[in-house]
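*Asks:* final-v1.csv (CSV, C-alpha atoms) pasted underneath:
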```csv
chain,number,residue,atom,x,y,z
S,208,LEU,CA,-16.3,-9.7,38.0
S,209,SER,CA,-16.6,-10.0,41.8
S,210,GLY,CA,-19.1,-12.8,41.4
S,211,LEU,CA,-17.0,-14.5,38.7
S,212,VAL,CA,-13.8,-14.4,40.8
S,213,TRP,CA,-15.8,-16.0,43.7
S,214,ALA,CA,-17.4,-18.6,41.5
S,215,ILE,CA,-14.1,-19.8,40.0
S,216,SER,CA,-12.5,-20.1,43.4
S,217,ILE,CA,-15.2,-22.5,44.8
S,218,PRO,CA,-14.5,-25.6,42.6
S,219,MET,CA,-10.7,-25.0,43.1
S,220,GLN,CA,-11.1,-25.1,46.8
S,221,THR,CA,-13.1,-28.3,46.5
S,222,ALA,CA,-10.4,-29.8,44.2
S,223,ILE,CA,-7.7,-29.0,46.8
S,224,LEU,CA,-9.6,-30.9,49.5
S,225,GLY,CA,-10.4,-33.7,47.0
S,226,HIS,CA,-6.7,-34.5,46.7
S,227,LEU,CA,-6.2,-35.1,50.4
S,228,SER,CA,-8.2,-38.3,51.4
S,229,SER,CA,-11.6,-39.9,51.0
S,230,ASP,CA,-12.3,-39.2,54.7
S,231,ALA,CA,-11.5,-35.5,54.1
S,232,ILE,CA,-13.8,-35.3,51.1
S,233,ALA,CA,-16.7,-37.0,53.1
S,234,ALA,CA,-16.1,-34.8,56.2
S,235,ASN,CA,-15.9,-31.6,54.2
S,236,SER,CA,-19.0,-32.6,52.2
S,237,VAL,CA,-21.0,-33.0,55.4
S,238,ALA,CA,-19.7,-29.9,57.2
S,239,THR,CA,-20.2,-27.8,54.1
S,240,THR,CA,-23.7,-28.9,53.5
S,241,PHE,CA,-24.9,-27.6,56.9
S,242,PHE,CA,-22.8,-24.5,56.5
S,243,GLN,CA,-24.4,-23.7,53.2
S,244,TYR,CA,-27.9,-24.0,54.7
S,245,LEU,CA,-27.0,-21.3,57.2
S,246,LYS,CA,-25.1,-19.3,54.6
S,247,VAL,CA,-28.4,-18.8,52.7
S,248,ILE,CA,-29.5,-16.6,55.6
S,249,VAL,CA,-26.3,-14.5,55.3
S,250,VAL,CA,-26.8,-14.1,51.6
S,251,ALA,CA,-30.4,-12.9,52.2
S,252,ILE,CA,-29.1,-10.4,54.8
S,253,ALA,CA,-26.6,-9.1,52.3
S,254,SER,CA,-29.3,-8.6,49.7
S,255,ALA,CA,-31.6,-6.9,52.2
S,256,SER,CA,-28.7,-4.7,53.3
S,257,SER,CA,-28.2,-3.6,49.8
S,258,VAL,CA,-31.8,-2.5,49.4
S,259,VAL,CA,-31.9,-0.7,52.7
S,260,ILE,CA,-28.7,1.2,52.2
S,261,GLY,CA,-29.7,2.1,48.6
S,262,LYS,CA,-32.9,3.5,49.8
S,263,SER,CA,-31.2,5.6,52.5
S,264,ILE,CA,-28.7,7.0,50.0
S,265,GLY,CA,-31.5,7.9,47.7
S,266,GLN,CA,-33.2,9.9,50.4
S,267,GLY,CA,-30.0,12.1,50.5
S,268,ASP,CA,-29.5,12.2,54.2
S,269,ARG,CA,-25.8,11.3,54.7
S,270,ASN,CA,-26.1,11.1,58.5
S,271,GLU,CA,-29.0,8.7,58.1
S,272,VAL,CA,-26.9,6.5,55.7
S,273,LYS,CA,-24.1,6.3,58.3
S,274,ALA,CA,-26.6,5.4,61.1
S,275,VAL,CA,-28.3,2.7,59.0
S,276,GLY,CA,-24.9,1.3,57.9
S,277,ARG,CA,-23.7,1.0,61.6
S,278,THR,CA,-27.0,-0.6,62.6
S,279,LEU,CA,-26.8,-3.1,59.8
S,280,SER,CA,-23.2,-4.0,60.6
S,281,VAL,CA,-24.2,-4.7,64.3
S,282,ILE,CA,-27.1,-6.8,63.2
S,283,ASP,CA,-24.9,-8.7,60.8
S,284,ILE,CA,-22.3,-9.7,63.4
S,285,SER,CA,-25.0,-10.5,65.9
S,286,ILE,CA,-26.8,-12.9,63.5
S,287,GLY,CA,-23.4,-14.4,62.6
S,288,ILE,CA,-22.8,-15.2,66.3
S,289,ILE,CA,-26.2,-16.8,66.6
S,290,LEU,CA,-25.7,-18.9,63.5
S,291,ALA,CA,-22.3,-20.0,64.8
S,292,ILE,CA,-23.8,-21.1,68.1
S,293,VAL,CA,-26.6,-23.0,66.3
S,294,LEU,CA,-24.1,-24.9,64.2
S,295,LEU,CA,-22.0,-25.7,67.2
S,296,ILE,CA,-25.0,-27.0,69.2
S,297,LEU,CA,-26.5,-29.0,66.4
S,298,ARG,CA,-23.3,-30.5,65.0
S,299,LYS,CA,-23.4,-33.8,67.0
S,300,PRO,CA,-27.1,-34.5,66.3
S,301,LEU,CA,-26.6,-33.7,62.6
S,302,LEU,CA,-23.5,-35.9,62.3
S,303,SER,CA,-25.4,-38.8,63.9
S,304,MET,CA,-27.6,-38.9,60.8
S,305,TYR,CA,-24.6,-40.0,58.6
S,306,ASN,CA,-22.9,-43.3,58.3
S,307,LEU,CA,-19.3,-42.2,58.2
S,308,THR,CA,-16.1,-43.8,59.2
S,309,GLU,CA,-14.8,-42.9,62.7
S,310,GLU,CA,-12.0,-40.7,61.2
S,311,ALA,CA,-14.4,-39.0,58.9
S,312,THR,CA,-16.8,-38.3,61.7
S,313,ILE,CA,-14.1,-36.8,63.9
S,314,LEU,CA,-12.9,-34.7,60.9
S,315,ALA,CA,-16.5,-33.5,60.1
S,316,ASP,CA,-16.9,-32.5,63.8
S,317,HIS,CA,-13.7,-30.5,63.7
S,318,LEU,CA,-14.6,-28.9,60.4
S,319,MET,CA,-18.0,-27.8,61.7
S,320,ILE,CA,-16.3,-26.1,64.6
S,321,VAL,CA,-14.1,-24.3,62.1
S,322,MET,CA,-17.1,-23.4,60.0
S,323,SER,CA,-18.8,-22.0,63.1
S,324,VAL,CA,-15.9,-19.5,63.5
S,325,VAL,CA,-16.0,-18.8,59.7
S,326,MET,CA,-19.7,-18.1,59.9
S,327,VAL,CA,-19.1,-15.1,62.2
S,328,GLY,CA,-16.5,-13.6,59.9
S,329,MET,CA,-18.6,-14.2,56.8
S,330,SER,CA,-21.8,-12.8,58.5
S,331,TYR,CA,-19.9,-9.5,58.9
S,332,GLN,CA,-17.8,-9.5,55.7
S,333,MET,CA,-20.4,-10.4,53.1
S,334,PRO,CA,-23.3,-8.2,54.2
S,335,VAL,CA,-21.0,-5.2,54.7
S,336,SER,CA,-18.9,-5.6,51.5
S,337,VAL,CA,-21.6,-6.9,49.2
S,338,GLY,CA,-24.6,-5.4,50.9
S,339,VAL,CA,-23.7,-2.1,52.3
S,340,ILE,CA,-20.5,-1.0,50.4
S,341,GLN,CA,-21.5,-2.4,47.0
S,342,GLY,CA,-25.1,-1.5,47.6
S,343,GLY,CA,-23.9,2.0,48.4
S,344,GLY,CA,-22.5,2.3,44.9
S,345,ASP,CA,-18.9,1.3,45.4
S,346,THR,CA,-18.6,-1.8,43.3
S,347,LYS,CA,-14.9,-1.5,42.4
S,348,PHE,CA,-13.7,-1.9,46.0
S,349,ASN,CA,-15.4,-5.3,46.4
S,350,MET,CA,-14.0,-6.5,43.0
S,351,VAL,CA,-10.4,-5.5,43.9
S,352,MET,CA,-10.7,-6.9,47.4
S,353,SER,CA,-12.0,-10.2,46.2
S,354,MET,CA,-9.3,-10.6,43.5
S,355,ILE,CA,-6.4,-9.7,45.9
S,356,SER,CA,-7.8,-11.8,48.8
S,357,THR,CA,-8.7,-14.9,46.8
S,358,TRP,CA,-6.0,-15.1,44.1
S,359,ALA,CA,-3.0,-13.3,45.7
S,360,ILE,CA,-3.4,-14.6,49.2
S,361,VAL,CA,-5.8,-17.5,49.9
S,362,MET,CA,-5.4,-19.7,46.8
S,363,PRO,CA,-1.5,-19.7,46.9
S,364,LEU,CA,-1.6,-20.4,50.6
S,365,SER,CA,-4.2,-23.2,50.2
S,366,PHE,CA,-2.2,-25.0,47.6
S,367,ALA,CA,1.0,-24.6,49.7
S,368,ALA,CA,-0.9,-25.9,52.8
S,369,ALA,CA,-2.3,-29.0,51.1
S,370,PHE,CA,0.5,-30.0,48.7
S,371,TRP,CA,3.7,-28.4,50.0
S,372,TRP,CA,3.4,-28.1,53.7
S,373,LYS,CA,1.0,-31.1,53.9
S,374,LEU,CA,-0.9,-29.7,56.8
S,375,PRO,CA,-3.7,-31.5,58.6
S,376,VAL,CA,-7.1,-31.3,56.9
S,377,GLU,CA,-8.5,-28.9,59.6
S,378,LEU,CA,-5.7,-26.4,59.0
S,379,VAL,CA,-6.1,-26.7,55.2
S,380,VAL,CA,-9.8,-25.8,55.6
S,381,ILE,CA,-8.9,-22.9,57.9
S,382,VAL,CA,-6.5,-21.5,55.2
S,383,ILE,CA,-9.1,-22.0,52.4
S,384,GLN,CA,-11.8,-20.2,54.5
S,385,SER,CA,-9.5,-17.5,55.7
S,386,ASP,CA,-10.6,-15.1,53.0
S,387,GLN,CA,-13.6,-14.2,55.1
S,388,PHE,CA,-11.2,-12.6,57.6
S,389,PHE,CA,-8.8,-11.2,55.0
S,390,LYS,CA,-11.8,-9.5,53.4
S,391,GLY,CA,-13.3,-8.5,56.7
S,392,ILE,CA,-10.5,-6.2,57.7
S,393,PRO,CA,-10.4,-4.0,54.6
S,394,ALA,CA,-14.2,-4.1,54.5
S,395,PHE,CA,-14.3,-2.7,58.0
S,396,ILE,CA,-11.8,0.1,57.1
S,397,ARG,CA,-13.7,1.0,53.9
S,398,PHE,CA,-17.0,1.0,55.7
S,399,ARG,CA,-15.7,3.3,58.4
S,400,SER,CA,-14.4,5.7,55.8
S,401,TYR,CA,-17.8,6.2,54.2
S,402,ARG,CA,-16.2,6.8,50.9
S,403,TRP,CA,-18.5,4.1,49.5
S,404,VAL,CA,-21.6,6.4,49.7
S,405,LYS,CA,-22.3,7.3,46.1
S,406,LYS,CA,-25.7,8.6,44.9
S,407,LEU,CA,-26.2,7.1,41.5
S,408,THR,CA,-29.5,8.8,40.7
S,409,ASN,CA,-30.7,12.4,40.6
```
Now, as a test, write the supplied structure out as structure tokens.

*Replies:*
Amino acid sequence: LSGLVWAISIPMQTAILGHLSSDAIAANSVATTFFQYLKVIVVAIASASSVVIGKSIGQGDRNEVKAVGRTLSVIDISIGIILAIVLLILRKPLLSMYNLTEEATILADHLMIVMSVVMVGMSYQMPVSVGVIQGGGDTKFNMVMSMISTWAIVMPLSFAAAFWWKLPVELVVIVIQSDQFFKGIPAFIRFRSYRWVKKLTN
């Protein structure tokens, strides 16, 4: 259900931007392409975190589980900062590879800066919520968090930002991507509670 909620939201986010302007579509396409390349690393970290935390829980040492979880969370945010810096540094050379209008180029540059900030939030939120918490046996929390964050907060605000308030493209993208931070706060609180530690095998 968590994956389904996320999968349905992606084309809707694209549709929102698609109704703004051709330059917005082009700029978002370019910025998102490079963002997705780096996102693959975050997804891999989340998968690895799930395996590592599952193994620690299986060994039955709760203190070790807490220590491994804290270590993983620090690694996650550190990698996120590194990826954000990489995207910031490479954005100009990468944009030079495209034949965009001047407005689309400026928009793409701004969106890549936004994506760099989002990368930091996502690099903590995804490995902790999907990797550590869900990998630790607490799948319900991630489902509920995704449904509330995506459909009760981000989607209504995104539609309002684009079609009602008619905000600039950069601000609309910030609203669309804000779920990484809406999810990050409850993920941090849940992680620190350690109520997600559930041994599923004997």

*Asks:* Looking at all atoms listed in the file, which of S:Ile252, S:Ala234, S:Ala359, S:Leu374 is the one that sits closest to Glu309 (chain S)?

*Replies:*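 Closest to Glu309 (chain S), using all atoms listed in the file: S:Ala234.
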
*Asks:* Choose the residue, out of S:His317, S:Arg269, S:Lys405, S:Lys262, that has the smallest atom-to-atom separation from Thr346 (chain S); count all atoms listed in the file.

*Replies:*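 Checking each candidate against Thr346 (chain S), we get S:Lys405 as the closest.
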
*Asks:* List as a count of residues only the protein and nucleic acid residues near Ser356 (chain S), meaning an atom at most 9 Å away when only C-alpha atoms are counted, but skip any in the same chain fewer than 6 places from it.

*Replies:* 5

*Asks:* Hey, can you check how far CA of Ile355 (chain S) sits from CA of Gln341 (chain S)?

*Replies:* 16.8 Å

*Asks:* Could you tell me which of S:Leu211, S:Ile383, S:Ile284, S:Ala231 comes closest to Leu307 (chain S) if we count all atoms listed in the file?

*Replies:* S:Ala231

*Asks:* With distances taken over all atoms listed in the file, which of S:Met219, S:Val275, S:Ile360, S:Ile288 is nearest to Gly328 (chain S)?

*Replies:*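 Checking each candidate against Gly328 (chain S), we get S:Ile288 as the closest.
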
*Asks:* Quote the spacing between CA of Thr221 (chain S) and CA of Met333 (chain S) in Å to one decimal place.

*Replies:* 20.4 Å

*Asks:* From the list S:Val237, S:Ala255, S:Leu318, S:Lys273, which residue is nearest Pro375 (chain S) when using all atoms listed in the file?

*Replies:* S:Leu318

*Asks:* Identify, on the basis of only C-alpha atoms, every residue whose closest approach to Val259 (chain S) does not exceed 10 Å; exclude the query and any residue fewer than 2 positions from it along the same chain; express the result as a tab-separated table (two decimals) with C-alpha atoms, in the frame of the given file.

*Replies:*
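Below you can see selection-v1.tsv, which holds the result:
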```tsv
chain	number	residue	atom	x	y	z
S	253	ALA	CA	-26.60	-9.10	52.30
S	254	SER	CA	-29.30	-8.60	49.70
S	255	ALA	CA	-31.60	-6.90	52.20
S	256	SER	CA	-28.70	-4.70	53.30
S	257	SER	CA	-28.20	-3.60	49.80
S	261	GLY	CA	-29.70	2.10	48.60
S	262	LYS	CA	-32.90	3.50	49.80
S	263	SER	CA	-31.20	5.60	52.50
S	264	ILE	CA	-28.70	7.00	50.00
S	265	GLY	CA	-31.50	7.90	47.70
S	272	VAL	CA	-26.90	6.50	55.70
S	275	VAL	CA	-28.30	2.70	59.00
S	276	GLY	CA	-24.90	1.30	57.90
S	279	LEU	CA	-26.80	-3.10	59.80
S	338	GLY	CA	-24.60	-5.40	50.90
S	339	VAL	CA	-23.70	-2.10	52.30
S	342	GLY	CA	-25.10	-1.50	47.60
S	343	GLY	CA	-23.90	2.00	48.40
```

*Asks:* Return the single residue from S:Val382, S:Ile286, S:Met319, S:Leu302 that is closest to Val250 (chain S), with distances computed using only C-alpha atoms.

*Replies:* S:Ile286
